[in-house]
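A.B. asks: Okay, handing you the structure first.
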Amino acid sequence: MNKENSTNDVELVERLSSSISSVKNEIGKVIVGQNDIIEQLLISLLAKGHCLLVGVPGLAKTLLIKTLAEVLDLKFNRIQFTPDLMPSDITGTEILEEDQISRKREFKFIPGPVFSNVILADEINRTPPKTQSALLEAMQEHRVTVAGKTYSLGDPFFVLATQNPIEQEGTYPLPEAQLDRFMFNLWLDYPSTNEERQIVQQTTSQYQPDLKKVLTDKEIVSFQELIKRVPVAENVVNYAVDLVGRTRSQNTSTPDFVKESVRWGAGPRASQYLILASKVKCVLEGRFTPNIDDVKYASVPVLRHRIIMNFNAEAEGISSADIVKRIL
């Protein structure tokens with residue numbers, strides 16, 4: 001029985017590896033560059049995580065997520081976060097409905113946009129904490145509660161929240177506890193000159209890409225289950241836990257430069273996400289167990305938003321990503 005399961009898993013690893021190559025090719029018809037970001041989004045999806053995307057306007061964040069959902073044949077919803085957005089605008093609401101024949105009145109639940117597979121929470125820091133928490137509860141619990149009734153969300157469920165790093169006036173920054181619920185914090189860079197030239201040529205012409213659907217929701221769920229079964233060597237787990245431990249200034253093994261710059265280090269969720277990300281990374285490359293390099297690959301996007309810098313570090317322009325790179 002175990003041998004049969006092992007054979008099936010080997011086939012699934014090979015299928016996933018080839019399918020992801022096709023997914024990247026299809027997304028590449030629309031999105032120019034951003035290869036690392038695309039791979040990290042796929043890693044987060046397969047690890048059942050969520051992503052926080054930070055980038056200036058015009059870097060195709062919305063187009064990227066919409067294209068990803070289309071290629072994976074997943075239901076996509078975009079929620080524009082504004083100061084007047086209410087929790088019920090995300091989760092849904094109950095309305096009083098009258099039966100035309102019996103004239104009997106009863107409440108009917110109208111699902112909100114969160115009932116989808118891929119959610120783009122655009123400018124999540126533009127809405128008050130009460131509304132932010134409605135989405136973050138759904139991210140954590142995979143269900144919502146309206147008027148005392150609980151409704152389960154479908155699988156897969158993948159939330160991508162965006163933030164604009166420039167304009168901070170009139171925003172409600174996410175608290176550290178809520179930031180911790182995002183597996184990755186991804187920073188989008190400007191395209192290179194050649195990439196920007198290609199973007200301009202595509203978007204100002206009649207270019208219409210023909211996108212093929214590569215995977216289905218059921219296949220993605222089966223791949224997510226596969227990731228849980230990937231074995232991890234003890235030394236890889238030890239490396240991930242030790243790496244996260246060195247971000248905490250109170251630990252004896254912590255380097256001096258961390259103690260001088262960091263107020264709070266990353267929590268245990270960081271170690272969990274490092275191992276999950278390294279599992280997905282190795283499977284995407286057709287390997288059957290992760291190594292330390294896979295942990296290193298995921299370290300900056302996993303730890304960047306979990307390390308709280310002190311005033312001295314901020315004054316000197318030292319970022320959490322700089323600290324992670326020095327620890328590595």
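Going through the structure tokens in order, the chains are called A, B, and so on, while each chain numbers its residues from 1 and the ligands are numbered from 1 in the order shown.
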Compile the contact shell of Met309 of chain A as a PyMOL selection string: residues with an atom at most 6 Å away, counting only C-alpha atoms, same-chain residues fewer than 3 positions apart removed.
C.D. replies: chain A and resi 261-263
A.B. asks: Any idea what's packed within 12 Å of Gln201 of chain A, counting only C-alpha atoms, ignoring anything in its chain fewer than 6 positions away? Could you give it as a PDB file with N, CA and C atoms, in the first residue's frame?
C.D. replies:
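And here's out12.pdb as it stands now:
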```pdb
ATOM      1  N   VAL A  30       1.307  37.247 -21.087  1.00  0.00           N
ATOM      2  CA  VAL A  30       0.685  38.517 -20.674  1.00  0.00           C
ATOM      3  C   VAL A  30       1.651  39.367 -19.855  1.00  0.00           C
ATOM      4  N   VAL A  32       5.319  40.451 -18.632  1.00  0.00           N
ATOM      5  CA  VAL A  32       6.716  40.475 -19.054  1.00  0.00           C
ATOM      6  C   VAL A  32       7.609  40.560 -17.814  1.00  0.00           C
ATOM      7  N   ASN A 194      14.699  46.702 -21.330  1.00  0.00           N
ATOM      8  CA  ASN A 194      14.209  45.797 -22.383  1.00  0.00           C
ATOM      9  C   ASN A 194      12.808  45.293 -22.089  1.00  0.00           C
ATOM     10  N   GLU A 195      12.549  44.962 -20.801  1.00  0.00           N
ATOM     11  CA  GLU A 195      11.212  44.485 -20.420  1.00  0.00           C
ATOM     12  C   GLU A 195      10.179  45.584 -20.603  1.00  0.00           C
ATOM     13  N   TYR A 207      -2.153  43.288 -29.759  1.00  0.00           N
ATOM     14  CA  TYR A 207      -1.736  41.990 -29.220  1.00  0.00           C
ATOM     15  C   TYR A 207      -2.786  41.438 -28.262  1.00  0.00           C
TER      16      TYR A 207
END
```
A.B. asks: Using only C-alpha atoms, which residues sit within 10 Å of segment 290-292 of chain A once same-chain residues fewer than 2 positions away are excluded, as a list in words?
C.D. replies: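 Answer for this query is Val230, Pro231, Val232, Ala233, Asn235, Val236, Val237, Asn238, Tyr239, Ala240, Ile275, Leu276, Ala277, Ser278, Lys279, Val280, Lys281, Cys282, Val283, Arg287, Phe288, Asp294, Val295, Lys296 and Tyr297 of chain A.
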A.B. asks: Here is a test: counting only C-alpha atoms, which residue of A:Ala266, A:Ala161, A:Gly154, A:Gln272 is nearest to Trp187 of chain A?
C.D. replies: A:Ala161
A.B. asks: Using DSSP assignments from the backbone, pull out every residue in segment 120-276 of chain A that falls under alpha helix (DSSP H) and give it to me as a ChimeraX atom specification.
C.D. replies: /A:129-141,176-179,193-203,217-229,234-245,256-261,268-276
A.B. asks: Give me the residues of segment 179-212 of chain A that have any atom at most 10 Å from an atom of segment 130-146 of chain A; for each, the nearest atom pair and the distance in Å, rounded to one decimal. Use only C-alpha atoms, sort by chain and number, and format it as a Markdown table.
C.D. replies:
```
| residue | atom | partner | partner_atom | distance |
| --- | --- | --- | --- | --- |
| A:Leu179 | CA | A:Leu136 | CA | 9.4 |
| A:Arg181 | CA | A:Gln140 | CA | 7.2 |
| A:Phe182 | CA | A:Met139 | CA | 8.9 |
```
A.B. asks: From the list A:Asn35, A:Ser152, A:Asn117, A:Asn185, which residue is nearest Arg78 of chain A when using only C-alpha atoms?
C.D. replies: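 Comparing A:Asn35, A:Ser152, A:Asn117, A:Asn185 against Arg78 of chain A, the winner is A:Asn117.
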A.B. asks: Set the distance at 10 Å and use only C-alpha atoms: which residues neighbour Thr62 of chain A once local chain neighbours fewer than 6 positions away are removed? I'd like the list as an NGL selection string.
C.D. replies: :A and (68 or 78 or 120-122 or 160 or 162)
A.B. asks: For N, CA and C atoms, I'd like the residues from the last selection saved as a PDB file, in the first residue's frame.
C.D. replies:
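Heads up, here's the output in selection.pdb:
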```pdb
ATOM      1  N   LEU A  68      -3.064  34.823 -13.473  1.00  0.00           N
ATOM      2  CA  LEU A  68      -2.793  33.597 -12.721  1.00  0.00           C
ATOM      3  C   LEU A  68      -4.081  32.804 -12.493  1.00  0.00           C
ATOM      4  N   ARG A  78     -11.886  40.733  -7.270  1.00  0.00           N
ATOM      5  CA  ARG A  78     -11.042  41.849  -6.817  1.00  0.00           C
ATOM      6  C   ARG A  78     -11.874  42.732  -5.899  1.00  0.00           C
ATOM      7  N   LEU A 120      -8.150  39.282  -4.744  1.00  0.00           N
ATOM      8  CA  LEU A 120      -7.179  40.379  -4.769  1.00  0.00           C
ATOM      9  C   LEU A 120      -7.715  41.486  -3.865  1.00  0.00           C
ATOM     10  N   ALA A 121      -7.075  41.690  -2.721  1.00  0.00           N
ATOM     11  CA  ALA A 121      -7.452  42.754  -1.788  1.00  0.00           C
ATOM     12  C   ALA A 121      -6.595  43.968  -2.126  1.00  0.00           C
ATOM     13  N   ASP A 122      -7.140  44.838  -2.969  1.00  0.00           N
ATOM     14  CA  ASP A 122      -6.355  45.960  -3.496  1.00  0.00           C
ATOM     15  C   ASP A 122      -6.253  47.082  -2.467  1.00  0.00           C
ATOM     16  N   LEU A 160      -4.414  37.594  -2.037  1.00  0.00           N
ATOM     17  CA  LEU A 160      -3.266  38.442  -2.368  1.00  0.00           C
ATOM     18  C   LEU A 160      -3.657  39.877  -2.069  1.00  0.00           C
ATOM     19  N   THR A 162      -2.528  43.930  -1.739  1.00  0.00           N
ATOM     20  CA  THR A 162      -1.522  44.854  -2.267  1.00  0.00           C
ATOM     21  C   THR A 162      -1.430  46.090  -1.380  1.00  0.00           C
TER      22      THR A 162
END
```
A.B. asks: From segment 30-201 of chain A, collect each residue whose DSSP state is strand (DSSP E) and return the set as a VMD selection string.
C.D. replies: chain A and resid 51 to 54 76 to 80 92 to 98 105 to 111 118 to 122 143 to 146 149 to 152 158 to 163 184 to 187
A.B. asks: Choose the residue, out of A:Ile90, A:Leu46, A:Leu64, A:Leu174, that has the smallest atom-to-atom separation from Asp155 of chain A; count only C-alpha atoms.
C.D. replies: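 With only C-alpha atoms as the atom set, the closest residue is A:Leu46.
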A.B. asks: Would you work out the distance separating atom CA of Gly92 of chain A from atom CA of Gln80 of chain A, expressed in Å to one decimal?
C.D. replies: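 Atom CA of Gly92 of chain A sits 15.1 Å away from atom CA of Gln80 of chain A.
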A.B. asks: Can you tell me which residues surround Pro165 of chain A at a distance of at most 7 Å, considering only C-alpha atoms, apart from same-chain residues fewer than 6 positions away, and format the answer as a PyMOL selection string?
C.D. replies: chain A and resi 54-56
A.B. asks: Pull the closest atom pair for each residue of segment 32-137 of chain A that gets at most 12 Å from segment 13-23 of chain A, along with the distance in Å to one decimal, counting only C-alpha atoms, ordering rows by chain and then ascending residue number, as JSON lines.
C.D. replies:
```
{"residue": "A:Asn35", "atom": "CA", "partner": "A:Ser21", "partner_atom": "CA", "distance": 11.5}
{"residue": "A:Ile38", "atom": "CA", "partner": "A:Val23", "partner_atom": "CA", "distance": 9.6}
{"residue": "A:Glu39", "atom": "CA", "partner": "A:Ile20", "partner_atom": "CA", "distance": 8.9}
{"residue": "A:Gln40", "atom": "CA", "partner": "A:Ile20", "partner_atom": "CA", "distance": 11.8}
{"residue": "A:Leu41", "atom": "CA", "partner": "A:Ile20", "partner_atom": "CA", "distance": 11.5}
{"residue": "A:Leu42", "atom": "CA", "partner": "A:Ile20", "partner_atom": "CA", "distance": 8.2}
{"residue": "A:Ile43", "atom": "CA", "partner": "A:Ile20", "partner_atom": "CA", "distance": 10.1}
{"residue": "A:Leu45", "atom": "CA", "partner": "A:Ile20", "partner_atom": "CA", "distance": 11.9}
{"residue": "A:Leu46", "atom": "CA", "partner": "A:Leu16", "partner_atom": "CA", "distance": 10.2}
{"residue": "A:Thr67", "atom": "CA", "partner": "A:Val23", "partner_atom": "CA", "distance": 10.0}
{"residue": "A:Leu68", "atom": "CA", "partner": "A:Val23", "partner_atom": "CA", "distance": 8.0}
{"residue": "A:Ala69", "atom": "CA", "partner": "A:Val23", "partner_atom": "CA", "distance": 10.4}
{"residue": "A:Glu70", "atom": "CA", "partner": "A:Val23", "partner_atom": "CA", "distance": 10.1}
{"residue": "A:Val71", "atom": "CA", "partner": "A:Val23", "partner_atom": "CA", "distance": 6.5}
{"residue": "A:Leu72", "atom": "CA", "partner": "A:Val23", "partner_atom": "CA", "distance": 7.5}
{"residue": "A:Asp73", "atom": "CA", "partner": "A:Val23", "partner_atom": "CA", "distance": 10.9}
```
A.B. asks: Selection from above, C-alpha atoms, as a compact mmCIF listing (two decimals), in the first residue's frame, can you write it?
C.D. replies:
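The result, stored in out04.txt:
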```txt
# COMPACT_ATOMS: atom_id res chain seq x y z
CA ASN A 35 9.70 35.57 -12.98
CA ILE A 38 5.37 34.49 -10.35
CA GLU A 39 7.24 31.52 -8.87
CA GLN A 40 6.77 32.78 -5.32
CA LEU A 41 3.04 33.32 -5.89
CA LEU A 42 2.75 29.71 -7.09
CA ILE A 43 4.77 28.48 -4.08
CA LEU A 45 -0.68 28.96 -3.44
CA LEU A 46 0.56 25.36 -3.27
CA THR A 67 -3.90 36.13 -15.35
CA LEU A 68 -2.79 33.60 -12.72
CA ALA A 69 -6.42 32.83 -11.81
CA GLU A 70 -7.38 32.50 -15.49
CA VAL A 71 -4.55 30.07 -16.31
CA LEU A 72 -5.37 27.97 -13.23
CA ASP A 73 -9.11 28.05 -14.06
```
A.B. asks: Kindly indicate which residue among A:Val300, A:Ile79, A:Ala270, A:Leu226 lies nearest to Val244 of chain A, using only C-alpha atoms for the distances.
C.D. replies: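 Using only C-alpha atoms, Val244 of chain A sits closest to A:Ala270.
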A.B. asks: Quick one: everything within 12 Å of Ile327 of chain A, counting only C-alpha atoms, minus sequence neighbours fewer than 6 positions away in the same chain. Send it as a list in words.
C.D. replies: Tyr239, Ala240, Asp242, Leu243, Val244, Gly245, Arg246, Thr247, Arg248, Ser253, Thr254, Pro255, Asp256, Phe257, Val258, Lys259, Lys296, Ser299, Val300, Leu303, Ser320 and Ala321 of chain A
